[in-house]
Amino acid sequence: MAATEDSSRTSIVPGTPTVSSRYMNLLPGDEQRANYARQVNSALYSIAAPTPVSAPTTLLWSKSVSADLGFDRKFCESAEFAALMSGNKTFPGSEPFAMRYGGHQFGQWAGQLGDGRAINLGELAASDGRVLNLQLKGAGPTPYSRGADGRAVLRSSVREYLCSEAMFHLGVPTTRALSLVLTGDEVLRDMFYDGNAQQEPGAIVCRVAPTFIRFGHFQLCAYRGETEILKQLMDHTIVADFPHLPNPAECAEAQRRQVYLRWFEEVCRRTGDMVLAWMRVGFVHGVMNTDNMSILGLTIDYGPYGWIDDYNPEWTPNTTDAQGRRYRFGQQADIALWNLYQLANALLVVLEDPDPVQKILEDYQRYYDAAWTTMMLSKLGLTTNLGESDDALLAELLALLAEQETDMTIFYRKLADFDPSLPASDLLSVVEEAFYAPDAMPQELHARYEVWANTYATRLRGEALDYETRKTNMNAVNPWFVLRNYLAQEAIEHAQKGDYSMLYALDEALLNPYVEQAQFAQFFAKRPEWARHRAGASMLSCSS
Ligand code: AMP
Ligand code: MG
């Protein structure tokens, strides 16, 4: 039951910023303007107005994103803001639209997907000179909804809002969240696809990013044989989002190909840097389909993602992927590479010669492997790389962590307290809090840890850094706060009953993830037993 159209939808408070959209103005759009599900050919977007909601109320808004956009507190707390962030009103200048893209889902080409429940409002200039696009997720159906309702529920919107903001403050490349608005309407969802559909509160998140273009945008053009449009999209992306590269349209043919290659190389690097950051903080995306891969290397589409509690490279939070575990923690770099190959295949329609593309992908693999080692050594407080012996040090540690349930976040955070001038046997007591069952540790594992601690202590003593400096360095890469699955789930369960206190607490704790925050000490804790097999806390589906 959606609200009917009223005059407040079109009357805009003076001073509300005017938006525009280069994507819409410069790229080919769908000539059909009616909003019904269909295949869209030879166009990169379709006009799609948000469907009004009954009673929009702002539940959360990001102080930092609103500051980037020059929105003050008064505006963000106004009814006008809630109306804009739910799609009940549109910004001056805005003609909302949905983008067309395709993608590989779980390794299979899925054809046209597109913004089925995301509606773009246009772009605004940020205070730092960047251009930022605003997009409402859950604002109603579009031509790309494929029979679904275009809506989102509170539980998935809280997960998107909190996690994208948490990731940003962790230093992980990501789309942002400006707001989370309750719609006042209910949405029917079958959370486990088992026939038990339930009404849930509806919500809308306003996502913000320099661009929402995905690998799947390019892929669909290539699959449909729309070579000219593919070229146009490549040129547009380079000019709009990679402005440090020359404008391909102004280059001679040979130079133009070089620009495309430099661009693809940069896309590879950014994708790799994003995955490296995930591996550092223990984030599992859960649905690394090519339609969920941002061309800017931003984490996008927070669905059945999860955070590593006990270190287990085999883990995936996504029940839809439980069989093959394609998107498990330890396989994310390989999947990113597979996805880059799919993007490369699409670009080859324009680039034609596969050899330089292949070389970029091979160089990228070497780059990633080296960067991964540097990142992992930094988690141990090591600033140099001794090659094979360090590889062995890392491999043995990861094997030890996986041997018995060990909390990844707590382990690395506590490791910073290990003083190599004291006996190496101290290591286990320093990190004891990380073990789920410290008393059940077998003697053999105990002994292996001691051997590792000895090697590690020797290695630390060989570095020039003093204890305090190293500790500061380690605490800057090993977070104290991550958005543990069970914490988000608890906050959601309270919010569904109208108690937002935990939501607000998490929204505050995530601002300083590398700082030990005494007032939030309860968030630095291993997963409780109840959360081990609880829906939402350990098992998530794509239903959102
Ligand atoms: P995801 O698995 O969230 O990446 O979504 C895959 C595709 O399904 C995208 O094209 C989404 O826009 C679309 N989609 C997901 N949920 C909905 C929904 N409730 N209504 C319409 N489209 C949806
Ligand atoms: Mg998606």
# chains A, B, ... in the order shown; residues from 1 in each chain; ligands from 1
>>> residues_around(residues="region 231-234 of chain A", least_positions_apart="6", cutoff="12 Å", atoms="only C-alpha atoms", output="PyMOL selection string")
chain A and resi 22-24+26-28+42-45+100-101+213-222+225+240-242+247-249+256-257+259-261+263-264+267+295+343+346-351
>>> write_last_selection(atoms="N, CA and C atoms", output="short mmCIF file (atom, residue, chain, number, x, y, z; two decimals), in the first residue's frame")
data_model
loop_
_atom_site.label_atom_id
_atom_site.label_comp_id
_atom_site.auth_asym_id
_atom_site.auth_seq_id
_atom_site.Cartn_x
_atom_site.Cartn_y
_atom_site.Cartn_z
N ARG A 22 25.50 13.61 -15.94
CA ARG A 22 26.23 13.47 -17.20
C ARG A 22 25.91 12.13 -17.86
N TYR A 23 25.76 11.11 -17.04
CA TYR A 23 25.43 9.77 -17.58
C TYR A 23 24.17 9.87 -18.44
N MET A 24 23.17 10.57 -17.87
CA MET A 24 21.90 10.67 -18.59
C MET A 24 21.99 11.62 -19.79
N LEU A 26 24.65 12.52 -21.55
CA LEU A 26 25.64 12.25 -22.60
C LEU A 26 25.52 10.87 -23.24
N LEU A 27 24.78 9.97 -22.60
CA LEU A 27 24.73 8.60 -23.13
C LEU A 27 23.33 8.28 -23.66
N PRO A 28 23.23 7.29 -24.54
CA PRO A 28 21.93 7.00 -25.14
C PRO A 28 20.94 6.40 -24.12
N SER A 42 20.04 -1.08 -27.13
CA SER A 42 20.69 0.13 -27.67
C SER A 42 20.50 1.35 -26.78
N ALA A 43 20.44 1.16 -25.48
CA ALA A 43 20.31 2.28 -24.54
C ALA A 43 20.95 1.88 -23.21
N LEU A 44 21.48 2.88 -22.51
CA LEU A 44 22.19 2.58 -21.25
C LEU A 44 21.39 2.93 -20.01
N TYR A 45 20.20 3.49 -20.21
CA TYR A 45 19.35 3.78 -19.05
C TYR A 45 17.91 3.95 -19.51
N ARG A 100 21.04 0.41 -17.21
CA ARG A 100 21.01 -0.94 -17.76
C ARG A 100 22.39 -1.58 -17.60
N TYR A 101 22.43 -2.77 -17.14
CA TYR A 101 23.67 -3.55 -17.13
C TYR A 101 23.31 -5.03 -17.09
N ILE A 213 28.68 2.80 -12.14
CA ILE A 213 28.92 1.94 -13.31
C ILE A 213 29.65 0.67 -12.87
N ARG A 214 29.18 -0.45 -13.40
CA ARG A 214 29.69 -1.76 -13.01
C ARG A 214 30.31 -2.48 -14.21
N PHE A 215 31.06 -3.57 -13.94
CA PHE A 215 31.62 -4.36 -15.05
C PHE A 215 30.48 -4.76 -16.00
N GLY A 216 29.34 -5.10 -15.41
CA GLY A 216 28.21 -5.60 -16.19
C GLY A 216 27.65 -4.59 -17.19
N HIS A 217 27.90 -3.30 -16.96
CA HIS A 217 27.48 -2.29 -17.95
C HIS A 217 28.16 -2.56 -19.30
N PHE A 218 29.48 -2.81 -19.23
CA PHE A 218 30.28 -3.01 -20.45
C PHE A 218 29.96 -4.38 -21.05
N GLN A 219 29.80 -5.35 -20.16
CA GLN A 219 29.54 -6.71 -20.64
C GLN A 219 28.27 -6.80 -21.48
N LEU A 220 27.21 -6.15 -21.01
CA LEU A 220 25.94 -6.30 -21.73
C LEU A 220 26.04 -5.67 -23.13
N CYS A 221 26.71 -4.53 -23.24
CA CYS A 221 26.91 -3.93 -24.57
C CYS A 221 27.62 -4.93 -25.48
N ALA A 222 28.69 -5.56 -24.95
CA ALA A 222 29.47 -6.49 -25.77
C ALA A 222 28.62 -7.69 -26.16
N GLY A 225 26.30 -6.95 -28.93
CA GLY A 225 26.88 -6.48 -30.20
C GLY A 225 26.75 -4.98 -30.39
N ALA A 240 34.72 10.93 -17.25
CA ALA A 240 34.01 11.32 -16.03
C ALA A 240 34.71 10.83 -14.77
N ASP A 241 35.26 9.61 -14.79
CA ASP A 241 35.74 9.01 -13.55
C ASP A 241 37.23 8.72 -13.50
N PHE A 242 37.91 8.89 -14.62
CA PHE A 242 39.37 8.72 -14.64
C PHE A 242 39.95 9.96 -15.34
N ASN A 247 41.54 12.16 -22.80
CA ASN A 247 40.21 11.88 -23.33
C ASN A 247 40.36 11.06 -24.62
N PRO A 248 39.89 9.81 -24.63
CA PRO A 248 40.12 8.95 -25.80
C PRO A 248 39.55 9.56 -27.07
N ALA A 249 38.44 10.28 -26.94
CA ALA A 249 37.80 10.85 -28.14
C ALA A 249 38.68 11.89 -28.82
N ARG A 256 44.65 6.12 -28.69
CA ARG A 256 43.36 5.81 -28.08
C ARG A 256 43.37 4.42 -27.45
N ARG A 257 43.94 3.46 -28.18
CA ARG A 257 44.04 2.09 -27.65
C ARG A 257 44.91 2.06 -26.40
N VAL A 259 45.25 4.46 -24.27
CA VAL A 259 44.47 5.02 -23.16
C VAL A 259 43.54 3.94 -22.59
N TYR A 260 42.88 3.20 -23.47
CA TYR A 260 41.99 2.13 -23.00
C TYR A 260 42.77 1.11 -22.16
N LEU A 261 43.98 0.79 -22.61
CA LEU A 261 44.78 -0.19 -21.88
C LEU A 261 45.21 0.34 -20.52
N TRP A 263 43.66 2.51 -18.84
CA TRP A 263 42.44 2.52 -18.03
C TRP A 263 42.15 1.13 -17.46
N PHE A 264 42.20 0.10 -18.31
CA PHE A 264 41.93 -1.25 -17.85
C PHE A 264 42.93 -1.67 -16.77
N VAL A 267 41.78 -0.17 -13.62
CA VAL A 267 40.61 -0.88 -13.09
C VAL A 267 41.08 -2.15 -12.35
N ILE A 295 33.28 -0.26 -11.44
CA ILE A 295 34.39 0.05 -12.33
C ILE A 295 35.45 0.87 -11.59
N LEU A 343 35.42 -8.80 -17.78
CA LEU A 343 35.43 -7.40 -18.24
C LEU A 343 36.34 -7.29 -19.47
N ALA A 346 34.79 -8.37 -22.62
CA ALA A 346 33.86 -7.38 -23.17
C ALA A 346 34.64 -6.26 -23.87
N LEU A 347 35.71 -5.78 -23.24
CA LEU A 347 36.46 -4.66 -23.82
C LEU A 347 37.17 -5.07 -25.11
N LEU A 348 37.46 -6.37 -25.24
CA LEU A 348 38.15 -6.84 -26.45
C LEU A 348 37.32 -6.62 -27.70
N VAL A 349 36.03 -6.48 -27.55
CA VAL A 349 35.19 -6.16 -28.71
C VAL A 349 35.67 -4.85 -29.34
N VAL A 350 36.15 -3.95 -28.49
CA VAL A 350 36.69 -2.68 -28.98
C VAL A 350 38.20 -2.77 -29.19
N LEU A 351 38.89 -3.40 -28.23
CA LEU A 351 40.36 -3.41 -28.26
C LEU A 351 40.95 -4.37 -29.29
#
>>> select_by_dssp(residues="region 160-219 of chain A", states="alpha helix (DSSP H)", output="ChimeraX atom specification")
/A:160-170,215-219
>>> select_by_dssp(residues="region 104-291 of chain A", states="strand (DSSP E or B)", output="PyMOL selection string")
chain A and resi 104-105+108-112+118-125+131-137+139+151+153+174+176-189+198-209+214+283-284
>>> residues_near_ligand(ligand="ligand 1", cutoff="10 Å", atoms="only C-alpha atoms and all ligand atoms", output="PyMOL selection string")
chain A and resi 37+98-103+105+110+112-119+137-153+187-189+286-293+300-304+541-544
>>> write_last_selection(atoms="C-alpha atoms", output="mmCIF file, in the first residue's frame")
data_model
loop_
_atom_site.group_PDB
_atom_site.id
_atom_site.type_symbol
_atom_site.label_atom_id
_atom_site.label_comp_id
_atom_site.auth_asym_id
_atom_site.auth_seq_id
_atom_site.Cartn_x
_atom_site.Cartn_y
_atom_site.Cartn_z
ATOM 1 C CA ALA A 37 9.669 -4.628 -17.036
ATOM 2 C CA ALA A 98 17.576 3.332 -13.845
ATOM 3 C CA MET A 99 20.761 2.051 -15.491
ATOM 4 C CA ARG A 100 21.012 -0.936 -17.763
ATOM 5 C CA TYR A 101 23.666 -3.555 -17.127
ATOM 6 C CA GLY A 102 24.106 -7.307 -17.255
ATOM 7 C CA GLY A 103 26.389 -9.702 -15.465
ATOM 8 C CA GLN A 105 25.926 -14.501 -11.605
ATOM 9 C CA ALA A 110 22.708 -13.946 -16.727
ATOM 10 C CA GLN A 112 20.198 -8.153 -18.702
ATOM 11 C CA LEU A 113 19.946 -7.261 -15.002
ATOM 12 C CA GLY A 114 20.083 -3.494 -14.407
ATOM 13 C CA ASP A 115 18.896 -1.239 -11.603
ATOM 14 C CA GLY A 116 15.868 -3.278 -10.573
ATOM 15 C CA ARG A 117 15.424 -1.410 -7.336
ATOM 16 C CA ALA A 118 17.910 1.399 -7.494
ATOM 17 C CA ILE A 119 16.855 4.739 -8.909
ATOM 18 C CA LYS A 137 17.851 1.705 -3.209
ATOM 19 C CA GLY A 138 14.338 0.356 -2.675
ATOM 20 C CA ALA A 139 12.379 3.250 -4.241
ATOM 21 C CA GLY A 140 10.106 1.069 -6.358
ATOM 22 C CA PRO A 141 10.119 -0.858 -9.629
ATOM 23 C CA THR A 142 11.952 0.091 -12.795
ATOM 24 C CA PRO A 143 12.087 -1.434 -16.296
ATOM 25 C CA TYR A 144 14.853 -3.682 -14.883
ATOM 26 C CA SER A 145 12.854 -5.145 -11.982
ATOM 27 C CA ARG A 146 12.081 -8.392 -13.815
ATOM 28 C CA GLY A 147 8.836 -8.948 -11.942
ATOM 29 C CA ALA A 148 10.217 -8.094 -8.485
ATOM 30 C CA ASP A 149 8.858 -5.218 -6.392
ATOM 31 C CA GLY A 150 11.775 -2.764 -6.455
ATOM 32 C CA ARG A 151 11.598 -2.430 -2.681
ATOM 33 C CA ALA A 152 14.014 -3.122 0.175
ATOM 34 C CA VAL A 153 13.350 -4.114 3.783
ATOM 35 C CA VAL A 187 7.188 -5.369 2.097
ATOM 36 C CA LEU A 188 6.579 -9.104 1.651
ATOM 37 C CA ARG A 189 9.738 -11.236 1.787
ATOM 38 C CA GLY A 286 29.231 -12.897 -0.553
ATOM 39 C CA VAL A 287 27.952 -12.083 -4.086
ATOM 40 C CA MET A 288 30.910 -11.120 -6.269
ATOM 41 C CA ASN A 289 28.871 -11.364 -9.460
ATOM 42 C CA THR A 290 30.159 -9.130 -12.248
ATOM 43 C CA ASP A 291 27.074 -6.915 -11.913
ATOM 44 C CA ASN A 292 28.271 -6.214 -8.367
ATOM 45 C CA MET A 293 31.770 -5.096 -9.411
ATOM 46 C CA ILE A 300 29.112 -2.201 -3.859
ATOM 47 C CA ASP A 301 25.851 -4.063 -3.242
ATOM 48 C CA TYR A 302 25.834 -5.005 0.397
ATOM 49 C CA GLY A 303 23.671 -8.131 0.370
ATOM 50 C CA PRO A 304 24.537 -11.385 2.134
ATOM 51 C CA SER A 541 20.312 -15.232 1.621
ATOM 52 C CA CYS A 542 19.994 -12.860 -1.307
ATOM 53 C CA SER A 543 16.419 -12.051 -0.213
ATOM 54 C CA SER A 544 16.497 -8.441 0.865
#
>>> residues_around(residues="region 192-206 of chain A", least_positions_apart="3", cutoff="10 Å", atoms="only C-alpha atoms", output="JSON, numbers by chain")
{"A": [53, 56, 57, 58, 59, 60, 61, 84, 85, 86, 87, 117, 118, 119, 120, 121, 133, 134, 135, 136, 137, 138, 139, 140, 151, 152, 153, 154, 155, 156, 157, 158, 160, 161, 176, 177, 178, 179, 180, 181, 182, 183, 184, 185, 186, 187, 188, 189, 319, 320, 496, 535, 539, 540, 541, 542, 543]}
>>> residues_around(residues="Ile335 (chain A)", least_positions_apart="2", cutoff="10 Å", atoms="only C-alpha atoms", output="PyMOL selection string")
chain A and resi 107+275+288-290+326-328+330-333+337-341
>>> atom_distance(atom1="CA of Ser78 (chain A)", atom2="CA of Val208 (chain A)")
19.5 Å
>>> closest_residue(among="A:Thr458, A:Thr299, A:Thr406, A:Asn478", to="ligand 2", atoms="only C-alpha atoms and all ligand atoms")
A:Thr299
>>> atom_distance(atom1="CA of Phe418 (chain A)", atom2="CA of Val482 (chain A)")
21.8 Å
